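A.B. asks: Please find one structure pasted underneath; my questions will follow.
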Amino acid sequence: MRRLWIGFVPYIAVSIVHVSALAVGSDAVAAPTKLALMPLLGLAVVWGAWGSRWTPTHTLLVVAIVLSWLGDGAGTFVPWLPTVPMMLLFFGLAHLCYIWLFWRKLAVRRAPLWAAVYAVWWVVLLAVLWPHLGGLAIAVAIYGLVLGGTAFAASRCHPLIVWGGVFFLTSDSVLAFRLFTPDAMPDWTSPLVMLTYCLGQGLIAAGVLVSVRARQTAPTPAVIP
């Protein structure tokens with residue numbers, strides 16, 4: 001298990017550098033470190049799975065991470081297309097992977113009652129942002145559904161995944177307000193977006209690795225329909 005956590009050291013280190021660069025306004029450092037985050041997280045997953053059987057669950061996790069990376073770099077990878085719609089597309093696909101992963105592969109309990117808060121979150125978020133969304137209103141509403149779906153599905157899983165879902169939801173919620181109501185958001189919310197994003201993605205990846213390792217060593221893995 002100690003070997004598993006060593007693989008996350010580069011990801012954690014670059015996350016700290018990236019968030020610190022945002023906090024001090026160093027775009028020259030923030031831009032390249034942002035694009036390094038998901039590849040390093042993918043390497044952490046490969047490292048953590050090394051020596052054990054690679055499963056479809058690992059593959060689905062890596063696909064979600066790659067799609068997240070494309071979302072992070074949408075403005076760089078496809079500069080000829082509108083950045084925000086492409087971000088919504090790539091991250092929406094990533095969240096669909098996460099939902100399938102959590103709901104069908106890693107669930108260990110039924111959804112707790114407290115997870116109903118995610119439905120309330122979706123309604124409140126749309127009610128507040130709707131006047132500012134313009135032509136992206138439907139896309140944001142759909143993206144909000146899959147984002148909330150990820151957090152809801154995560155509530156059925158290992159605690160690391162549960163908290164990963166919470167932080168990911170927090171990150172995208174703050175980002176939504178930064179994108180659509182920028183005048184109302186102070187500068188410190190920029191590093192907050194990436195701090196919670198890095199925490200969310202890292203905790204999800206770690207939780208998936210821990211869950212798969214536990215199932216591989218357990219005589220009869222628990223599966224909740």
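Simple scheme: letters A, B, ... for chains in structure tokens order, numbers from 1 for residues in each chain, numbers from 1 for ligands in the order shown.
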Once you count only C-alpha atoms, what closest atom pair and distance in Å to one decimal does each residue of range 193-214 of chain A within 12 Å of range 86-98 of chain A have, with rows by chain and rising residue number, as a tab-separated table?
C.D. replies:
```
residue	atom	partner	partner_atom	distance
A:Gln201	CA	A:Tyr98	CA	10.6
A:Ile204	CA	A:Tyr98	CA	9.1
A:Ala205	CA	A:Tyr98	CA	10.4
A:Val208	CA	A:Tyr98	CA	10.3
```
A.B. asks: Restricting the output to all heavy atoms, write the selected residues as a tab-separated table (two decimals), in the first residue's frame.
C.D. replies:
```tsv
chain	number	residue	atom	x	y	z
A	201	GLN	N	-9.88	15.12	-7.98
A	201	GLN	CA	-9.36	14.12	-8.91
A	201	GLN	C	-8.40	13.16	-8.21
A	201	GLN	O	-8.43	11.95	-8.44
A	201	GLN	CB	-8.65	14.82	-10.07
A	201	GLN	CG	-9.55	15.60	-11.00
A	201	GLN	CD	-10.18	14.71	-12.07
A	201	GLN	OE1	-10.48	13.54	-11.84
A	201	GLN	NE2	-10.41	15.27	-13.24
A	204	ILE	N	-10.34	10.75	-5.90
A	204	ILE	CA	-11.07	9.76	-6.69
A	204	ILE	C	-10.12	8.68	-7.18
A	204	ILE	O	-10.39	7.48	-7.05
A	204	ILE	CB	-11.79	10.43	-7.88
A	204	ILE	CG1	-13.01	11.21	-7.37
A	204	ILE	CG2	-12.22	9.39	-8.91
A	204	ILE	CD1	-13.67	12.07	-8.44
A	205	ALA	N	-8.99	9.09	-7.77
A	205	ALA	CA	-8.03	8.11	-8.29
A	205	ALA	C	-7.52	7.20	-7.18
A	205	ALA	O	-7.44	5.97	-7.34
A	205	ALA	CB	-6.88	8.83	-8.97
A	208	VAL	N	-10.25	4.77	-6.08
A	208	VAL	CA	-10.46	3.67	-7.03
A	208	VAL	C	-9.37	2.62	-6.87
A	208	VAL	O	-9.65	1.41	-6.83
A	208	VAL	CB	-10.47	4.20	-8.48
A	208	VAL	CG1	-10.48	3.05	-9.48
A	208	VAL	CG2	-11.70	5.08	-8.70
```
A.B. asks: Which residues are near Val29 in chain A? Cut-off 10 Å, only C-alpha atoms, ignore same chain within fewer than 3 positions. Put them as a ChimeraX atom specification.
C.D. replies: /A:17-22,25-26,32-34
A.B. asks: Let's see if you can do this: from backbone DSSP, list all alpha helix (DSSP H) residues in range 1-197 of chain A, as an mmCIF file with C-alpha atoms, in the first residue's frame.
C.D. replies:
```cif
data_model
loop_
_atom_site.group_PDB
_atom_site.id
_atom_site.type_symbol
_atom_site.label_atom_id
_atom_site.label_comp_id
_atom_site.auth_asym_id
_atom_site.auth_seq_id
_atom_site.Cartn_x
_atom_site.Cartn_y
_atom_site.Cartn_z
ATOM 1 C CA ARG A 2 2.914 2.353 0.728
ATOM 2 C CA ARG A 3 4.120 1.853 -2.839
ATOM 3 C CA LEU A 4 0.701 2.985 -4.109
ATOM 4 C CA TRP A 5 0.955 6.367 -2.368
ATOM 5 C CA ILE A 6 4.498 7.020 -3.633
ATOM 6 C CA VAL A 9 4.031 12.346 -4.992
ATOM 7 C CA PRO A 10 4.731 14.009 -8.400
ATOM 8 C CA TYR A 11 1.035 14.799 -8.827
ATOM 9 C CA ILE A 12 0.815 16.337 -5.359
ATOM 10 C CA ALA A 13 4.014 18.337 -5.879
ATOM 11 C CA VAL A 14 2.903 19.797 -9.223
ATOM 12 C CA SER A 15 -0.571 20.488 -7.803
ATOM 13 C CA ILE A 16 0.996 22.559 -5.021
ATOM 14 C CA VAL A 17 3.162 24.444 -7.526
ATOM 15 C CA HIS A 18 0.188 25.074 -9.808
ATOM 16 C CA VAL A 19 -2.152 26.346 -7.094
ATOM 17 C CA SER A 20 0.648 28.505 -5.654
ATOM 18 C CA ALA A 21 1.324 29.961 -9.105
ATOM 19 C CA LEU A 22 -2.336 30.891 -9.446
ATOM 20 C CA ALA A 23 -2.304 32.466 -6.006
ATOM 21 C CA VAL A 24 0.597 34.770 -6.917
ATOM 22 C CA ASP A 27 0.654 32.555 -15.548
ATOM 23 C CA ALA A 28 4.015 31.424 -16.923
ATOM 24 C CA VAL A 29 4.073 28.670 -14.297
ATOM 25 C CA ALA A 30 0.347 28.044 -13.954
ATOM 26 C CA ALA A 31 -0.292 27.255 -17.627
ATOM 27 C CA PRO A 32 2.223 24.401 -18.123
ATOM 28 C CA THR A 33 1.665 22.912 -14.675
ATOM 29 C CA LYS A 34 -2.082 22.732 -15.333
ATOM 30 C CA LEU A 35 -1.494 20.601 -18.408
ATOM 31 C CA ALA A 36 0.886 18.370 -16.432
ATOM 32 C CA LEU A 37 -1.633 17.511 -13.713
ATOM 33 C CA MET A 38 -3.748 14.813 -15.352
ATOM 34 C CA PRO A 39 -0.832 13.030 -17.071
ATOM 35 C CA LEU A 40 0.870 12.798 -13.675
ATOM 36 C CA LEU A 41 -2.338 11.503 -12.114
ATOM 37 C CA GLY A 42 -2.586 8.911 -14.880
ATOM 38 C CA LEU A 43 0.982 7.829 -14.140
ATOM 39 C CA ALA A 44 0.075 7.568 -10.451
ATOM 40 C CA VAL A 45 -2.761 5.204 -11.382
ATOM 41 C CA VAL A 46 -0.473 3.056 -13.523
ATOM 42 C CA TRP A 47 2.131 3.009 -10.738
ATOM 43 C CA GLY A 48 -0.472 2.136 -8.117
ATOM 44 C CA ALA A 49 -1.827 -0.728 -10.202
ATOM 45 C CA PRO A 56 -11.532 -2.617 -16.837
ATOM 46 C CA THR A 57 -12.026 -0.398 -13.779
ATOM 47 C CA HIS A 58 -8.449 0.881 -14.125
ATOM 48 C CA THR A 59 -8.998 1.482 -17.822
ATOM 49 C CA LEU A 60 -12.201 3.432 -17.234
ATOM 50 C CA LEU A 61 -10.449 5.560 -14.614
ATOM 51 C CA VAL A 62 -7.620 6.368 -17.033
ATOM 52 C CA VAL A 63 -10.125 7.253 -19.783
ATOM 53 C CA ALA A 64 -11.859 9.671 -17.378
ATOM 54 C CA ILE A 65 -8.508 11.225 -16.495
ATOM 55 C CA VAL A 66 -7.572 11.640 -20.182
ATOM 56 C CA LEU A 67 -10.922 13.282 -20.917
ATOM 57 C CA SER A 68 -10.380 15.587 -17.938
ATOM 58 C CA TRP A 69 -6.968 16.488 -19.343
ATOM 59 C CA LEU A 70 -8.586 17.390 -22.664
ATOM 60 C CA GLY A 71 -11.054 19.534 -20.728
ATOM 61 C CA ASP A 72 -8.223 21.248 -18.852
ATOM 62 C CA ALA A 74 -9.450 22.670 -24.373
ATOM 63 C CA GLY A 75 -8.251 26.160 -25.239
ATOM 64 C CA THR A 76 -4.812 24.780 -26.107
ATOM 65 C CA PHE A 77 -5.757 21.561 -27.877
ATOM 66 C CA THR A 83 -13.326 26.956 -25.194
ATOM 67 C CA VAL A 84 -16.213 26.753 -22.714
ATOM 68 C CA PRO A 85 -18.411 24.431 -24.842
ATOM 69 C CA MET A 86 -15.430 22.139 -25.438
ATOM 70 C CA MET A 87 -14.649 22.102 -21.722
ATOM 71 C CA LEU A 88 -18.250 21.117 -21.003
ATOM 72 C CA LEU A 89 -18.056 18.377 -23.636
ATOM 73 C CA PHE A 90 -14.799 16.788 -22.466
ATOM 74 C CA PHE A 91 -15.588 17.030 -18.766
ATOM 75 C CA GLY A 92 -19.143 15.843 -19.388
ATOM 76 C CA LEU A 93 -17.753 12.694 -21.026
ATOM 77 C CA ALA A 94 -15.316 12.285 -18.136
ATOM 78 C CA HIS A 95 -18.172 12.477 -15.654
ATOM 79 C CA LEU A 96 -20.146 9.860 -17.564
ATOM 80 C CA CYS A 97 -17.146 7.550 -17.188
ATOM 81 C CA TYR A 98 -16.993 8.304 -13.478
ATOM 82 C CA ILE A 99 -20.714 7.651 -13.035
ATOM 83 C CA TRP A 100 -20.422 4.265 -14.716
ATOM 84 C CA VAL A 117 -28.445 17.423 -1.356
ATOM 85 C CA TYR A 118 -26.944 17.098 -4.841
ATOM 86 C CA ALA A 119 -30.390 17.469 -6.408
ATOM 87 C CA VAL A 120 -30.927 20.614 -4.340
ATOM 88 C CA TRP A 121 -27.494 21.865 -5.431
ATOM 89 C CA TRP A 122 -28.435 21.461 -9.123
ATOM 90 C CA VAL A 123 -31.710 23.357 -8.768
ATOM 91 C CA VAL A 124 -30.146 26.210 -6.776
ATOM 92 C CA LEU A 125 -27.133 26.517 -9.084
ATOM 93 C CA LEU A 126 -29.311 26.780 -12.183
ATOM 94 C CA ALA A 127 -31.731 29.185 -10.521
ATOM 95 C CA VAL A 128 -28.883 31.561 -9.661
ATOM 96 C CA LEU A 129 -26.902 31.256 -12.901
ATOM 97 C CA TRP A 130 -29.702 30.926 -15.462
ATOM 98 C CA PRO A 131 -29.991 34.677 -16.252
ATOM 99 C CA HIS A 132 -26.248 34.726 -17.020
ATOM 100 C CA LEU A 133 -25.929 31.561 -19.127
ATOM 101 C CA ALA A 137 -28.049 27.445 -20.557
ATOM 102 C CA ILE A 138 -29.105 23.989 -21.772
ATOM 103 C CA ALA A 139 -25.506 22.752 -22.033
ATOM 104 C CA VAL A 140 -24.741 23.925 -18.498
ATOM 105 C CA ALA A 141 -27.945 22.339 -17.187
ATOM 106 C CA ILE A 142 -26.998 18.995 -18.773
ATOM 107 C CA TYR A 143 -23.430 19.275 -17.529
ATOM 108 C CA GLY A 144 -24.746 20.038 -14.053
ATOM 109 C CA LEU A 145 -26.776 16.843 -14.157
ATOM 110 C CA VAL A 146 -23.771 14.678 -14.942
ATOM 111 C CA LEU A 147 -21.599 16.555 -12.437
ATOM 112 C CA GLY A 148 -24.184 16.052 -9.710
ATOM 113 C CA GLY A 149 -24.590 12.468 -10.915
ATOM 114 C CA THR A 150 -20.882 11.876 -10.364
ATOM 115 C CA ALA A 151 -21.053 13.167 -6.791
ATOM 116 C CA PHE A 152 -24.236 11.176 -6.153
ATOM 117 C CA ALA A 153 -22.735 7.963 -7.524
ATOM 118 C CA ALA A 154 -19.538 8.597 -5.546
ATOM 119 C CA PRO A 159 -14.839 7.348 1.572
ATOM 120 C CA LEU A 160 -11.933 8.600 -0.534
ATOM 121 C CA ILE A 161 -14.199 8.555 -3.583
ATOM 122 C CA VAL A 162 -17.042 10.170 -1.638
ATOM 123 C CA TRP A 163 -14.824 13.112 -0.716
ATOM 124 C CA GLY A 164 -13.360 13.216 -4.204
ATOM 125 C CA GLY A 165 -16.857 13.707 -5.566
ATOM 126 C CA VAL A 166 -17.531 16.500 -3.061
ATOM 127 C CA PHE A 167 -14.361 18.395 -3.952
ATOM 128 C CA PHE A 168 -14.896 17.943 -7.706
ATOM 129 C CA LEU A 169 -18.423 19.327 -7.348
ATOM 130 C CA THR A 170 -17.108 22.250 -5.305
ATOM 131 C CA SER A 171 -14.471 23.027 -7.913
ATOM 132 C CA ASP A 172 -16.892 23.107 -10.833
ATOM 133 C CA SER A 173 -19.440 25.100 -8.842
ATOM 134 C CA VAL A 174 -16.916 27.849 -8.100
ATOM 135 C CA LEU A 175 -15.693 27.697 -11.699
ATOM 136 C CA ALA A 176 -19.243 28.149 -12.987
ATOM 137 C CA PHE A 177 -19.615 31.355 -11.017
ATOM 138 C CA ARG A 178 -16.193 32.546 -12.211
ATOM 139 C CA LEU A 179 -17.156 31.918 -15.836
ATOM 140 C CA PHE A 180 -20.657 33.365 -15.811
ATOM 141 C CA THR A 189 -11.430 31.901 -6.113
ATOM 142 C CA SER A 190 -9.103 31.079 -9.034
ATOM 143 C CA PRO A 191 -6.660 29.035 -6.907
ATOM 144 C CA LEU A 192 -9.663 27.681 -4.976
ATOM 145 C CA VAL A 193 -11.048 26.150 -8.189
ATOM 146 C CA MET A 194 -7.833 24.274 -8.861
ATOM 147 C CA LEU A 195 -7.162 23.374 -5.227
ATOM 148 C CA THR A 196 -10.513 21.616 -4.947
ATOM 149 C CA TYR A 197 -10.142 20.159 -8.460
#
```
A.B. asks: Between A:Thr55, A:Trp50, A:Gly200, A:Arg156, which residue has the minimum interatomic distance to Ala107 in chain A, considering only C-alpha atoms?
C.D. replies: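 Nearest candidate to Ala107 in chain A out of A:Thr55, A:Trp50, A:Gly200, A:Arg156: A:Arg156.
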A.B. asks: Find the distance between CA of Leu106 in chain A and CA of Ser155 in chain A and write it in Å to one decimal.
C.D. replies: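 We find that CA of Leu106 in chain A and CA of Ser155 in chain A lie 10.6 Å from each other.
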A.B. asks: Considering only C-alpha atoms, can you say which of A:Ala111, A:Trp54, A:Leu199, A:Leu81 comes closest to Arg213 in chain A?
C.D. replies: A:Trp54
A.B. asks: Using only C-alpha atoms, can you tell me which of A:Arg104, A:Gly51, A:Leu136, A:His158 comes closest to Gly207 in chain A?
C.D. replies: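 Among A:Arg104, A:Gly51, A:Leu136, A:His158, it is A:His158 that comes nearest to Gly207 in chain A.
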